[in-house]
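**Student:** So I've got this file, my_file_9.tsv, and it contains TSV, C-alpha atoms:
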```tsv
chain	number	residue	atom	x	y	z
A	495	MET	CA	106.95	84.00	106.59
A	496	PRO	CA	103.31	84.66	107.34
A	497	PHE	CA	101.64	83.38	110.49
A	498	ALA	CA	98.01	84.33	110.01
A	499	CYS	CA	95.81	82.16	112.16
A	500	ASP	CA	92.81	82.06	114.47
A	501	LEU	CA	90.77	84.74	112.74
A	502	GLU	CA	87.01	84.47	112.71
A	503	LEU	CA	84.86	86.66	110.48
A	504	VAL	CA	81.15	86.17	111.07
A	505	LEU	CA	78.95	87.84	108.45
A	506	GLU	CA	75.25	87.65	107.77
A	507	THR	CA	74.46	88.12	104.10
A	508	ARG	CA	71.80	90.80	104.27
A	509	PRO	CA	71.86	94.56	103.68
A	510	GLY	CA	72.71	96.76	106.60
A	511	ASP	CA	75.23	99.04	108.23
A	512	TYR	CA	78.81	97.79	108.57
A	513	ARG	CA	79.96	97.41	112.15
A	514	PHE	CA	83.66	96.71	111.94
A	515	PRO	CA	86.48	97.51	114.38
A	516	PRO	CA	88.33	100.83	113.98
A	517	GLY	CA	90.91	100.58	111.20
A	518	ALA	CA	89.13	97.78	109.36
A	519	GLU	CA	87.08	100.07	107.14
A	520	ALA	CA	89.83	100.46	104.55
A	521	PHE	CA	90.10	96.69	104.14
A	522	VAL	CA	86.33	96.38	103.82
A	523	SER	CA	86.40	98.99	101.06
A	524	GLY	CA	89.35	97.31	99.35
A	525	ALA	CA	87.69	93.91	99.33
A	526	ARG	CA	84.44	95.30	97.97
A	527	GLU	CA	86.15	97.39	95.30
A	528	VAL	CA	87.91	94.45	93.64
A	529	LEU	CA	84.75	92.32	93.40
A	530	ASP	CA	82.30	92.77	90.54
A	531	HIS	CA	79.22	92.06	92.61
A	532	PRO	CA	80.00	92.10	96.35
A	533	ARG	CA	77.36	90.65	98.65
A	534	PRO	CA	75.82	93.02	101.22
A	535	CYS	CA	76.65	91.97	104.76
A	536	ASP	CA	76.50	92.81	108.42
A	537	GLY	CA	79.61	91.59	110.15
A	538	THR	CA	81.63	90.94	113.27
A	539	ILE	CA	85.38	90.33	113.31
A	540	THR	CA	87.23	88.59	116.11
A	541	SER	CA	90.93	87.72	115.98
A	542	SER	CA	93.83	86.73	118.21
A	543	ILE	CA	96.37	87.92	115.63
A	544	PRO	CA	98.04	91.10	116.92
A	545	SER	CA	97.78	93.88	114.37
A	546	GLY	CA	100.99	95.44	113.01
A	547	ALA	CA	103.16	92.66	114.45
A	548	GLY	CA	104.37	91.09	111.21
A	549	LEU	CA	102.00	88.11	111.40
A	550	SER	CA	99.97	88.87	108.26
A	551	SER	CA	96.90	90.09	110.12
A	552	SER	CA	95.90	92.43	107.28
A	553	THR	CA	96.16	89.68	104.66
A	554	ALA	CA	94.15	87.31	106.87
A	555	LEU	CA	91.45	89.95	107.27
A	556	THR	CA	91.36	90.74	103.55
A	557	THR	CA	91.12	87.05	102.69
A	558	ALA	CA	88.22	86.55	105.09
A	559	LEU	CA	86.43	89.60	103.72
A	560	LEU	CA	86.77	88.35	100.14
A	561	PHE	CA	85.28	85.01	101.16
A	562	ALA	CA	82.39	86.87	102.81
A	563	PHE	CA	81.69	89.49	100.15
A	564	GLY	CA	82.30	87.08	97.28
A	565	ASP	CA	80.33	84.03	96.24
A	566	GLY	CA	82.05	81.72	98.74
A	567	ALA	CA	84.69	80.53	96.28
A	568	LYS	CA	88.33	80.73	97.33
A	569	PRO	CA	89.84	84.00	96.07
A	570	SER	CA	93.14	83.98	94.22
A	571	PRO	CA	96.30	85.34	95.88
A	572	GLU	CA	96.37	88.03	93.19
A	573	LEU	CA	92.85	89.19	94.09
A	574	VAL	CA	93.74	89.37	97.80
A	575	LEU	CA	96.81	91.44	96.94
A	576	ARG	CA	94.77	93.81	94.77
A	577	ALA	CA	92.35	94.40	97.63
A	578	GLU	CA	95.21	95.07	100.06
A	579	VAL	CA	96.85	97.55	97.70
A	580	VAL	CA	93.53	99.38	97.38
A	581	ALA	CA	93.21	99.43	101.18
A	582	THR	CA	96.76	100.49	102.07
A	583	GLY	CA	98.58	101.70	98.96
A	584	VAL	CA	101.47	99.37	99.89
A	585	PRO	CA	103.04	97.50	96.91
A	586	GLY	CA	103.17	94.04	98.49
A	587	GLY	CA	103.97	90.61	97.11
A	588	LEU	CA	102.14	87.29	96.98
A	589	MET	CA	103.86	85.35	99.76
A	590	ASP	CA	101.40	85.99	102.58
A	591	GLN	CA	98.36	85.57	100.36
A	592	THR	CA	99.52	82.25	98.92
A	593	ALA	CA	100.51	80.82	102.31
A	594	ILE	CA	97.18	81.78	103.88
A	595	LEU	CA	95.14	80.32	101.01
A	596	GLU	CA	97.24	77.25	100.16
A	597	GLY	CA	98.66	76.23	103.54
A	598	ARG	CA	98.77	72.56	104.46
A	599	ALA	CA	98.78	71.28	108.03
A	600	GLY	CA	102.22	70.24	109.20
A	601	HIS	CA	104.01	71.75	106.20
A	602	ALA	CA	105.92	74.84	105.15
A	603	LEU	CA	105.32	76.34	101.72
A	604	LEU	CA	108.20	76.75	99.27
A	605	LEU	CA	106.93	79.44	96.91
A	606	ASP	CA	108.35	80.98	93.75
A	607	CYS	CA	106.72	84.42	93.88
A	608	ALA	CA	107.69	85.15	90.27
A	609	THR	CA	105.63	82.26	88.91
A	610	GLY	CA	103.23	81.42	91.74
A	611	ILE	CA	104.44	77.81	91.67
A	612	PHE	CA	104.84	76.22	95.09
A	613	GLU	CA	105.57	72.94	96.77
A	614	TYR	CA	105.20	71.69	100.32
A	615	ALA	CA	108.00	70.85	102.73
A	616	ARG	CA	106.99	68.78	105.75
A	617	ILE	CA	107.92	70.27	109.13
A	618	PRO	CA	109.48	67.37	111.05
A	619	GLU	CA	108.20	66.56	114.52
A	620	GLU	CA	111.68	67.25	115.89
A	621	ILE	CA	111.51	70.93	114.88
A	622	ALA	CA	109.27	73.52	116.51
A	623	ILE	CA	108.58	77.16	115.74
A	624	VAL	CA	108.16	79.79	118.44
A	625	VAL	CA	106.76	83.26	117.77
A	626	ILE	CA	107.88	85.99	120.19
A	627	ASP	CA	105.97	89.27	120.33
A	628	THR	CA	108.17	92.23	121.27
A	629	GLY	CA	105.09	94.41	121.82
A	630	THR	CA	106.25	96.98	119.27
A	631	ARG	CA	104.07	97.84	116.29
A	632	ARG	CA	104.32	99.42	112.85
A	633	ALA	CA	101.82	100.72	110.32
A	634	LEU	CA	101.60	99.15	106.86
A	635	ALA	CA	101.36	102.52	105.16
A	636	ASP	CA	104.31	104.21	106.89
A	637	GLY	CA	106.31	103.98	103.65
A	638	ARG	CA	109.41	102.16	104.89
A	639	TYR	CA	108.60	98.82	103.27
A	640	ALA	CA	107.86	100.56	99.97
A	641	ARG	CA	111.22	102.36	100.15
A	642	ARG	CA	113.11	99.11	100.66
A	643	ARG	CA	111.36	97.51	97.71
A	644	ALA	CA	112.15	100.52	95.53
A	645	GLU	CA	115.81	100.35	96.59
A	646	VAL	CA	116.04	96.72	95.51
A	647	GLU	CA	114.46	97.52	92.16
A	648	ALA	CA	116.87	100.46	91.74
A	649	GLY	CA	119.85	98.12	92.24
A	650	ASP	CA	121.17	99.38	95.61
A	651	PRO	CA	124.09	96.96	96.26
A	652	ARG	CA	123.29	96.16	99.91
A	653	ARG	CA	119.59	95.73	99.30
A	654	VAL	CA	120.23	93.48	96.31
A	655	ARG	CA	122.79	91.47	98.28
A	656	HIS	CA	120.14	90.80	100.91
A	657	ALA	CA	117.54	89.77	98.34
A	658	GLU	CA	119.90	87.40	96.53
A	659	SER	CA	121.36	85.84	99.66
A	660	GLU	CA	117.90	85.46	101.21
A	661	GLN	CA	116.69	83.57	98.15
A	662	ALA	CA	119.56	81.11	98.57
A	663	ARG	CA	118.71	80.76	102.27
A	664	VAL	CA	115.11	79.84	101.41
A	665	TYR	CA	116.24	76.78	99.45
A	666	ALA	CA	118.79	75.88	102.14
A	667	ALA	CA	116.04	76.10	104.77
A	668	ALA	CA	113.85	73.72	102.74
A	669	ASP	CA	116.75	71.26	102.62
A	670	ALA	CA	117.20	71.55	106.39
A	671	LEU	CA	113.52	70.80	106.92
A	672	ARG	CA	113.73	67.74	104.70
A	673	ALA	CA	116.74	66.56	106.69
A	674	ALA	CA	114.99	67.27	110.04
A	675	ASP	CA	118.06	69.29	111.01
A	676	ALA	CA	117.00	71.89	113.58
A	677	ASP	CA	120.57	73.12	114.09
A	678	ALA	CA	121.12	73.77	110.38
A	679	LEU	CA	117.75	75.47	110.06
A	680	GLY	CA	118.48	77.67	113.06
A	681	ALA	CA	121.83	78.74	111.60
A	682	ILE	CA	120.09	79.73	108.36
A	683	ILE	CA	117.47	81.71	110.27
A	684	THR	CA	120.19	83.49	112.27
A	685	ALA	CA	122.02	84.44	109.07
A	686	SER	CA	118.73	85.72	107.67
A	687	HIS	CA	118.26	88.07	110.62
A	688	ALA	CA	121.81	89.39	110.29
A	689	SER	CA	121.15	90.20	106.62
A	690	LEU	CA	117.81	91.83	107.42
A	691	ARG	CA	119.51	93.89	110.13
A	692	ASP	CA	122.70	94.91	108.33
A	693	ASP	CA	121.99	94.85	104.57
A	694	PHE	CA	118.25	95.45	104.41
A	695	GLU	CA	118.13	97.58	107.56
A	696	VAL	CA	114.62	96.65	108.66
A	697	SER	CA	115.31	95.54	112.22
A	698	SER	CA	115.02	97.49	115.48
A	699	LYS	CA	116.65	97.42	118.89
A	700	GLU	CA	113.68	95.50	120.31
A	701	LEU	CA	113.77	92.88	117.55
A	702	ASP	CA	117.54	92.51	117.86
A	703	ALA	CA	117.29	92.13	121.64
A	704	ALA	CA	114.61	89.43	121.32
A	705	VAL	CA	116.68	87.53	118.74
A	706	GLU	CA	119.81	87.67	120.90
A	707	ARG	CA	117.91	86.59	124.01
A	708	ALA	CA	116.24	83.68	122.21
A	709	GLU	CA	119.51	82.42	120.78
A	710	ARG	CA	121.02	82.20	124.27
A	711	LEU	CA	118.28	79.85	125.47
A	712	PRO	CA	118.83	76.08	125.61
A	713	GLY	CA	117.03	74.39	122.77
A	714	CYS	CA	116.79	77.45	120.51
A	715	THR	CA	118.91	77.05	117.39
A	716	GLY	CA	118.28	80.41	115.72
A	717	ALA	CA	115.91	83.37	115.42
A	718	ARG	CA	115.00	86.21	113.06
A	719	LEU	CA	112.48	89.01	112.75
A	720	VAL	CA	109.32	88.09	110.89
A	721	GLY	CA	107.19	90.15	108.51
A	722	ALA	CA	108.27	93.41	106.92
A	723	GLY	CA	110.37	94.39	109.92
A	724	PHE	CA	110.89	97.59	111.94
A	725	ALA	CA	108.71	96.23	114.77
A	726	GLY	CA	106.57	93.28	115.77
A	727	CYS	CA	107.53	89.65	116.23
A	728	VAL	CA	110.50	87.32	116.10
A	729	LEU	CA	110.45	83.73	114.84
A	730	ALA	CA	112.62	81.23	116.69
A	731	ILE	CA	113.56	77.68	115.71
A	732	ALA	CA	113.75	75.21	118.58
A	733	HIS	CA	114.12	71.54	119.27
A	734	ALA	CA	110.55	70.36	119.80
A	735	ASP	CA	111.08	69.02	123.32
A	736	GLU	CA	112.45	72.39	124.49
A	737	ALA	CA	110.19	74.75	122.52
A	738	GLN	CA	107.71	75.42	125.32
A	739	ALA	CA	110.54	76.42	127.65
A	740	VAL	CA	111.79	78.85	125.01
A	741	ALA	CA	108.32	80.40	124.76
A	742	GLU	CA	107.95	80.63	128.53
A	743	ALA	CA	111.16	82.65	128.77
A	744	PHE	CA	109.27	85.60	127.23
A	745	ASP	CA	106.24	87.54	128.42
A	746	ASN	CA	104.34	86.99	125.19
A	747	ALA	CA	105.38	84.04	123.01
A	748	TRP	CA	103.74	80.94	121.56
A	749	VAL	CA	104.71	77.62	120.07
A	750	VAL	CA	102.90	77.61	116.72
A	751	ARG	CA	102.00	74.94	114.19
A	752	ALA	CA	101.14	74.94	110.51
A	753	VAL	CA	97.47	74.40	109.67
A	754	ASP	CA	95.39	74.15	106.52
A	755	GLY	CA	94.71	77.29	104.52
A	756	ALA	CA	91.71	79.58	104.73
A	757	SER	CA	88.26	78.34	103.78
A	758	GLU	CA	84.64	79.32	104.20
A	759	VAL	CA	83.07	77.62	107.22
```
Written as structure tokens, that's how I'd like the structure from this file.

**Tutor:**
Amino acid sequence: MPFACDLELVLETRPGDYRFPPGAEAFVSGAREVLDHPRPCDGTITSSIPSGAGLSSSTALTTALLFAFGDGAKPSPELVLRAEVVATGVPGGLMDQTAILEGRAGHALLLDCATGIFEYARIPEEIAIVVIDTGTRRALADGRYARRRAEVEAGDPRRVRHAESEQARVYAAADALRAADADALGAIITASHASLRDDFEVSSKELDAAVERAERLPGCTGARLVGAGFAGCVLAIAHADEAQAVAEAFDNAWVVRAVDGASEV
């Protein structure tokens, strides 16, 4: 579940030296490599998305770069993924890219990654989403995500069990949203974390501790790690009137909302 937001990429379309933050050079190169005729630019990047926290910061950056270096047209999710693979070597999927490009305010995105077909599910006013930052970080290219993907493709029973059960939970979560049932959605999210922890083995002691702490709070109905795992952030489901109190129970947490997808300003 990607949460890329509040990223500003200001570029002037003229030749010049690139002045990007440390670590961004690979993504600049990736975005330029997948375009036939990239525009020359000077640029400044500002963002409130913490890097390496499971909130799709790299996909948000790549998307913004493709808007800037391209002709202004919206890039496809496949093109964003190609640029990210060039930048990191990580064999990702299309979930983050599609959500960032096709997001709709006030809605979740129900996506079939095999076909690219998606539909929107309205997030009811009664349900709120809280993102909790544990302060731990991981690197995209550390190889652990790639190993888990390879294990699924090789048919490892526990990894496959997670993938199959998680797919069923996605559809159950969409039904819970349609029914405005925060308790049912929280239970699904909690089961998702247990599967990620035990079958997929991508959690950590910090993520587990944040999930357990969130679930003990009044108003929180469930929580799970978000992103590829191993470090970063936790997503909690809460009753809307108690969501701010859930966020305030942590040093670094926010009540978030769904907004429209990326576009050129």

**Student:** For Val728 in chain A, which residue among A:Ala741, A:Ala673, A:Val580, A:Ala662 is the nearest when counting all atoms listed in the file?

**Tutor:**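 Ranking A:Ala741, A:Ala673, A:Val580, A:Ala662 by distance to Val728 in chain A, first place goes to A:Ala741.
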
**Student:** Identify the residues around (118.0, 84.7, 116.9) within a radius of 7 Å, measuring from all atoms listed in the file in the coordinates stated by the file, and give them as a VMD selection string.

**Tutor:** chain A and resid 684 705 to 706 708 to 709 716 to 718 730

**Student:** Kindly indicate which residue among A:Ala704, A:Ala633, A:Val522, A:Leu671 lies nearest to Cys727 in chain A, using only C-alpha atoms for the distances.

**Tutor:** A:Ala704

**Student:** Go through A:Glu527, A:Gly600, A:Gly586, A:Cys535 and flag the residue nearest Thr553 in chain A, using all atoms listed in the file for the distances.

**Tutor:**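 With all atoms listed in the file as the atom set, the closest residue is A:Gly586.
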
**Student:** Set up a box along x, y and z of the file covering all listed atoms of range 671-674 of chain A, add 4 Å on every one of the six sides, and write the centre and edge lengths in Å to one decimal, as lines of an AutoDock Vina configuration file.

**Tutor:**
```
center_x = 115.1
center_y = 68.7
center_z = 107.4
size_x = 11.2
size_y = 12.2
size_z = 13.3
```

**Student:** Using all atoms listed in the file, which residue out of A:Arg616, A:Asp627, A:Ala676, A:Ser570 lies closest to Ile543 in chain A?

**Tutor:** A:Asp627

**Student:** For Val753 in chain A, work out the shell of residues within 7 Å, counting only C-alpha atoms and skipping chain neighbours fewer than 4 positions away, then give it as a compact mmCIF listing (two decimals) with C-alpha atoms, keeping the file's coordinate frame.

**Tutor:**
```txt
# COMPACT_ATOMS: atom_id res chain seq x y z
CA GLY A 597 98.66 76.23 103.54
CA ARG A 598 98.77 72.56 104.46
CA ALA A 599 98.78 71.28 108.03
CA GLY A 600 102.22 70.24 109.20
```

**Student:** Counting all atoms listed in the file, which residue out of A:Ser541, A:Thr630, A:Thr582, A:Ser550 sits closest to Ile594 in chain A?

**Tutor:**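 Closest to Ile594 in chain A of all the choices is A:Ser550.
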
**Student:** Which residues are close to Leu559 in chain A, i.e. within 12 Å by only C-alpha atoms, leaving aside same-chain residues fewer than 6 positions away? Reply as JSON, numbers by chain.

**Tutor:** {"A": [501, 502, 503, 504, 505, 514, 518, 519, 520, 521, 522, 523, 524, 525, 526, 527, 528, 529, 532, 533, 534, 535, 536, 537, 538, 539, 552, 553, 565, 566, 567, 568, 569, 573, 574, 577, 578, 756, 757, 758]}

**Student:** I need the residues from that last selection saved to file as a PDB file, in the coordinates of the input (with C-alpha atoms), if you can.

**Tutor:**
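For reference, selection15.pdb as written:
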```
ATOM      1  CA  LEU A 501      90.770  84.740 112.740  1.00  0.00           C
ATOM      2  CA  GLU A 502      87.010  84.470 112.710  1.00  0.00           C
ATOM      3  CA  LEU A 503      84.860  86.660 110.480  1.00  0.00           C
ATOM      4  CA  VAL A 504      81.150  86.170 111.070  1.00  0.00           C
ATOM      5  CA  LEU A 505      78.950  87.840 108.450  1.00  0.00           C
ATOM      6  CA  PHE A 514      83.660  96.710 111.940  1.00  0.00           C
ATOM      7  CA  ALA A 518      89.130  97.780 109.360  1.00  0.00           C
ATOM      8  CA  GLU A 519      87.080 100.070 107.140  1.00  0.00           C
ATOM      9  CA  ALA A 520      89.830 100.460 104.550  1.00  0.00           C
ATOM     10  CA  PHE A 521      90.100  96.690 104.140  1.00  0.00           C
ATOM     11  CA  VAL A 522      86.330  96.380 103.820  1.00  0.00           C
ATOM     12  CA  SER A 523      86.400  98.990 101.060  1.00  0.00           C
ATOM     13  CA  GLY A 524      89.350  97.310  99.350  1.00  0.00           C
ATOM     14  CA  ALA A 525      87.690  93.910  99.330  1.00  0.00           C
ATOM     15  CA  ARG A 526      84.440  95.300  97.970  1.00  0.00           C
ATOM     16  CA  GLU A 527      86.150  97.390  95.300  1.00  0.00           C
ATOM     17  CA  VAL A 528      87.910  94.450  93.640  1.00  0.00           C
ATOM     18  CA  LEU A 529      84.750  92.320  93.400  1.00  0.00           C
ATOM     19  CA  PRO A 532      80.000  92.100  96.350  1.00  0.00           C
ATOM     20  CA  ARG A 533      77.360  90.650  98.650  1.00  0.00           C
ATOM     21  CA  PRO A 534      75.820  93.020 101.220  1.00  0.00           C
ATOM     22  CA  CYS A 535      76.650  91.970 104.760  1.00  0.00           C
ATOM     23  CA  ASP A 536      76.500  92.810 108.420  1.00  0.00           C
ATOM     24  CA  GLY A 537      79.610  91.590 110.150  1.00  0.00           C
ATOM     25  CA  THR A 538      81.630  90.940 113.270  1.00  0.00           C
ATOM     26  CA  ILE A 539      85.380  90.330 113.310  1.00  0.00           C
ATOM     27  CA  SER A 552      95.900  92.430 107.280  1.00  0.00           C
ATOM     28  CA  THR A 553      96.160  89.680 104.660  1.00  0.00           C
ATOM     29  CA  ASP A 565      80.330  84.030  96.240  1.00  0.00           C
ATOM     30  CA  GLY A 566      82.050  81.720  98.740  1.00  0.00           C
ATOM     31  CA  ALA A 567      84.690  80.530  96.280  1.00  0.00           C
ATOM     32  CA  LYS A 568      88.330  80.730  97.330  1.00  0.00           C
ATOM     33  CA  PRO A 569      89.840  84.000  96.070  1.00  0.00           C
ATOM     34  CA  LEU A 573      92.850  89.190  94.090  1.00  0.00           C
ATOM     35  CA  VAL A 574      93.740  89.370  97.800  1.00  0.00           C
ATOM     36  CA  ALA A 577      92.350  94.400  97.630  1.00  0.00           C
ATOM     37  CA  GLU A 578      95.210  95.070 100.060  1.00  0.00           C
ATOM     38  CA  ALA A 756      91.710  79.580 104.730  1.00  0.00           C
ATOM     39  CA  SER A 757      88.260  78.340 103.780  1.00  0.00           C
ATOM     40  CA  GLU A 758      84.640  79.320 104.200  1.00  0.00           C
TER      41      GLU A 758
END
```

**Student:** Find the distance between CA of Leu560 in chain A and CA of Glu596 in chain A and write it in Å to one decimal.

**Tutor:**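 Going from CA of Leu560 in chain A over to CA of Glu596 in chain A covers 15.3 Å.
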
**Student:** What separation in Å, quoted to one decimal, exists between CA of Tyr665 in chain A and CA of Pro618 in chain A?

**Tutor:**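 Separation of CA of Tyr665 in chain A and CA of Pro618 in chain A: 16.4 Å.
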
**Student:** At what distance in Å, to one decimal, does CA of Leu605 in chain A lie from CA of Val624 in chain A?

**Tutor:**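 Going from CA of Val624 in chain A over to CA of Leu605 in chain A covers 21.6 Å.
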
**Student:** From the set A:Gly637, A:Arg653, A:Ala602, A:Val625, which residue has the shortest atom-to-atom contact distance to Ala670 in chain A, counting only C-alpha atoms?

**Tutor:**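 Closest to Ala670 in chain A of all the choices is A:Ala602.
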
**Student:** Which residues are close to Gly723 in chain A, i.e. within 9 Å by only C-alpha atoms, leaving aside same-chain residues fewer than 4 positions away? Reply as an NGL selection string.

**Tutor:** :A and (547-548 or 632 or 639 or 690 or 695-698 or 701 or 719 or 727)

**Student:** Keeping C-alpha atoms for every residue in the selection just given, could you write it to a file as a JSON list (two decimals), in the coordinates of the input?

**Tutor:**
```
[["chain", "number", "residue", "atom", "x", "y", "z"],
["A", 547, "ALA", "CA", 103.16, 92.66, 114.45],
["A", 548, "GLY", "CA", 104.37, 91.09, 111.21],
["A", 632, "ARG", "CA", 104.32, 99.42, 112.85],
["A", 639, "TYR", "CA", 108.60, 98.82, 103.27],
["A", 690, "LEU", "CA", 117.81, 91.83, 107.42],
["A", 695, "GLU", "CA", 118.13, 97.58, 107.56],
["A", 696, "VAL", "CA", 114.62, 96.65, 108.66],
["A", 697, "SER", "CA", 115.31, 95.54, 112.22],
["A", 698, "SER", "CA", 115.02, 97.49, 115.48],
["A", 701, "LEU", "CA", 113.77, 92.88, 117.55],
["A", 719, "LEU", "CA", 112.48, 89.01, 112.75],
["A", 727, "CYS", "CA", 107.53, 89.65, 116.23]]
```

**Student:** Output range 618-645 of chain A with N, CA and C atoms present, as a PDB file, keeping the file's coordinate frame.

**Tutor:**
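Result went into part-v4.pdb, see below:
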```pdb
ATOM      1  N   PRO A 618     109.285  68.581 110.246  1.00  0.00           N
ATOM      2  CA  PRO A 618     109.480  67.370 111.050  1.00  0.00           C
ATOM      3  C   PRO A 618     109.033  67.569 112.495  1.00  0.00           C
ATOM      4  N   GLU A 619     108.636  66.487 113.134  1.00  0.00           N
ATOM      5  CA  GLU A 619     108.200  66.560 114.520  1.00  0.00           C
ATOM      6  C   GLU A 619     109.312  67.030 115.445  1.00  0.00           C
ATOM      7  N   GLU A 620     110.557  66.864 115.032  1.00  0.00           N
ATOM      8  CA  GLU A 620     111.680  67.250 115.890  1.00  0.00           C
ATOM      9  C   GLU A 620     111.897  68.770 115.926  1.00  0.00           C
ATOM     10  N   ILE A 621     111.292  69.488 115.002  1.00  0.00           N
ATOM     11  CA  ILE A 621     111.510  70.930 114.880  1.00  0.00           C
ATOM     12  C   ILE A 621     110.245  71.680 115.261  1.00  0.00           C
ATOM     13  N   ALA A 622     110.407  72.691 116.104  1.00  0.00           N
ATOM     14  CA  ALA A 622     109.270  73.520 116.510  1.00  0.00           C
ATOM     15  C   ALA A 622     109.551  74.979 116.186  1.00  0.00           C
ATOM     16  N   ILE A 623     108.489  75.744 116.040  1.00  0.00           N
ATOM     17  CA  ILE A 623     108.580  77.160 115.740  1.00  0.00           C
ATOM     18  C   ILE A 623     107.930  77.946 116.869  1.00  0.00           C
ATOM     19  N   VAL A 624     108.655  78.934 117.367  1.00  0.00           N
ATOM     20  CA  VAL A 624     108.160  79.790 118.440  1.00  0.00           C
ATOM     21  C   VAL A 624     108.062  81.212 117.913  1.00  0.00           C
ATOM     22  N   VAL A 625     106.937  81.864 118.145  1.00  0.00           N
ATOM     23  CA  VAL A 625     106.760  83.260 117.770  1.00  0.00           C
ATOM     24  C   VAL A 625     106.807  84.106 119.036  1.00  0.00           C
ATOM     25  N   ILE A 626     107.661  85.119 119.033  1.00  0.00           N
ATOM     26  CA  ILE A 626     107.880  85.990 120.190  1.00  0.00           C
ATOM     27  C   ILE A 626     107.428  87.395 119.831  1.00  0.00           C
ATOM     28  N   ASP A 627     106.500  87.930 120.585  1.00  0.00           N
ATOM     29  CA  ASP A 627     105.970  89.270 120.330  1.00  0.00           C
ATOM     30  C   ASP A 627     106.734  90.275 121.177  1.00  0.00           C
ATOM     31  N   THR A 628     107.411  91.221 120.529  1.00  0.00           N
ATOM     32  CA  THR A 628     108.170  92.230 121.270  1.00  0.00           C
ATOM     33  C   THR A 628     107.266  93.334 121.814  1.00  0.00           C
ATOM     34  N   GLY A 629     106.007  93.360 121.381  1.00  0.00           N
ATOM     35  CA  GLY A 629     105.090  94.410 121.820  1.00  0.00           C
ATOM     36  C   GLY A 629     105.196  95.698 121.041  1.00  0.00           C
ATOM     37  N   THR A 630     106.134  95.787 120.117  1.00  0.00           N
ATOM     38  CA  THR A 630     106.250  96.980 119.270  1.00  0.00           C
ATOM     39  C   THR A 630     105.403  96.792 118.027  1.00  0.00           C
ATOM     40  N   ARG A 631     104.971  97.896 117.427  1.00  0.00           N
ATOM     41  CA  ARG A 631     104.070  97.840 116.290  1.00  0.00           C
ATOM     42  C   ARG A 631     104.485  98.826 115.212  1.00  0.00           C
ATOM     43  N   ARG A 632     104.088  98.525 113.972  1.00  0.00           N
ATOM     44  CA  ARG A 632     104.320  99.420 112.850  1.00  0.00           C
ATOM     45  C   ARG A 632     103.045  99.513 112.035  1.00  0.00           C
ATOM     46  N   ALA A 633     102.960 100.544 111.206  1.00  0.00           N
ATOM     47  CA  ALA A 633     101.820 100.720 110.320  1.00  0.00           C
ATOM     48  C   ALA A 633     102.216 100.300 108.911  1.00  0.00           C
ATOM     49  N   LEU A 634     101.321  99.593 108.226  1.00  0.00           N
ATOM     50  CA  LEU A 634     101.600  99.150 106.860  1.00  0.00           C
ATOM     51  C   LEU A 634     101.937 100.311 105.944  1.00  0.00           C
ATOM     52  N   ALA A 635     101.246 101.414 106.116  1.00  0.00           N
ATOM     53  CA  ALA A 635     101.360 102.520 105.160  1.00  0.00           C
ATOM     54  C   ALA A 635     102.377 103.569 105.585  1.00  0.00           C
ATOM     55  N   ASP A 636     103.343 103.193 106.448  1.00  0.00           N
ATOM     56  CA  ASP A 636     104.310 104.210 106.890  1.00  0.00           C
ATOM     57  C   ASP A 636     105.403 104.469 105.859  1.00  0.00           C
ATOM     58  N   GLY A 637     105.427 103.701 104.775  1.00  0.00           N
ATOM     59  CA  GLY A 637     106.310 103.980 103.650  1.00  0.00           C
ATOM     60  C   GLY A 637     107.659 103.293 103.676  1.00  0.00           C
ATOM     61  N   ARG A 638     108.064 102.728 104.817  1.00  0.00           N
ATOM     62  CA  ARG A 638     109.410 102.160 104.890  1.00  0.00           C
ATOM     63  C   ARG A 638     109.557 100.888 104.073  1.00  0.00           C
ATOM     64  N   TYR A 639     108.540 100.026 104.099  1.00  0.00           N
ATOM     65  CA  TYR A 639     108.600  98.820 103.270  1.00  0.00           C
ATOM     66  C   TYR A 639     108.680  99.189 101.793  1.00  0.00           C
ATOM     67  N   ALA A 640     107.853 100.141 101.379  1.00  0.00           N
ATOM     68  CA  ALA A 640     107.860 100.560  99.970  1.00  0.00           C
ATOM     69  C   ALA A 640     109.221 101.099  99.562  1.00  0.00           C
ATOM     70  N   ARG A 641     109.883 101.832 100.470  1.00  0.00           N
ATOM     71  CA  ARG A 641     111.220 102.360 100.150  1.00  0.00           C
ATOM     72  C   ARG A 641     112.222 101.230  99.963  1.00  0.00           C
ATOM     73  N   ARG A 642     112.178 100.228 100.811  1.00  0.00           N
ATOM     74  CA  ARG A 642     113.110  99.110 100.660  1.00  0.00           C
ATOM     75  C   ARG A 642     112.880  98.384  99.330  1.00  0.00           C
ATOM     76  N   ARG A 643     111.655  98.175  98.982  1.00  0.00           N
ATOM     77  CA  ARG A 643     111.360  97.510  97.710  1.00  0.00           C
ATOM     78  C   ARG A 643     111.880  98.343  96.543  1.00  0.00           C
ATOM     79  N   ALA A 644     111.671  99.648  96.596  1.00  0.00           N
ATOM     80  CA  ALA A 644     112.150 100.520  95.530  1.00  0.00           C
ATOM     81  C   ALA A 644     113.669 100.493  95.445  1.00  0.00           C
ATOM     82  N   GLU A 645     114.340 100.393  96.587  1.00  0.00           N
ATOM     83  CA  GLU A 645     115.810 100.350  96.590  1.00  0.00           C
ATOM     84  C   GLU A 645     116.334  99.080  95.965  1.00  0.00           C
TER      85      GLU A 645
END
```
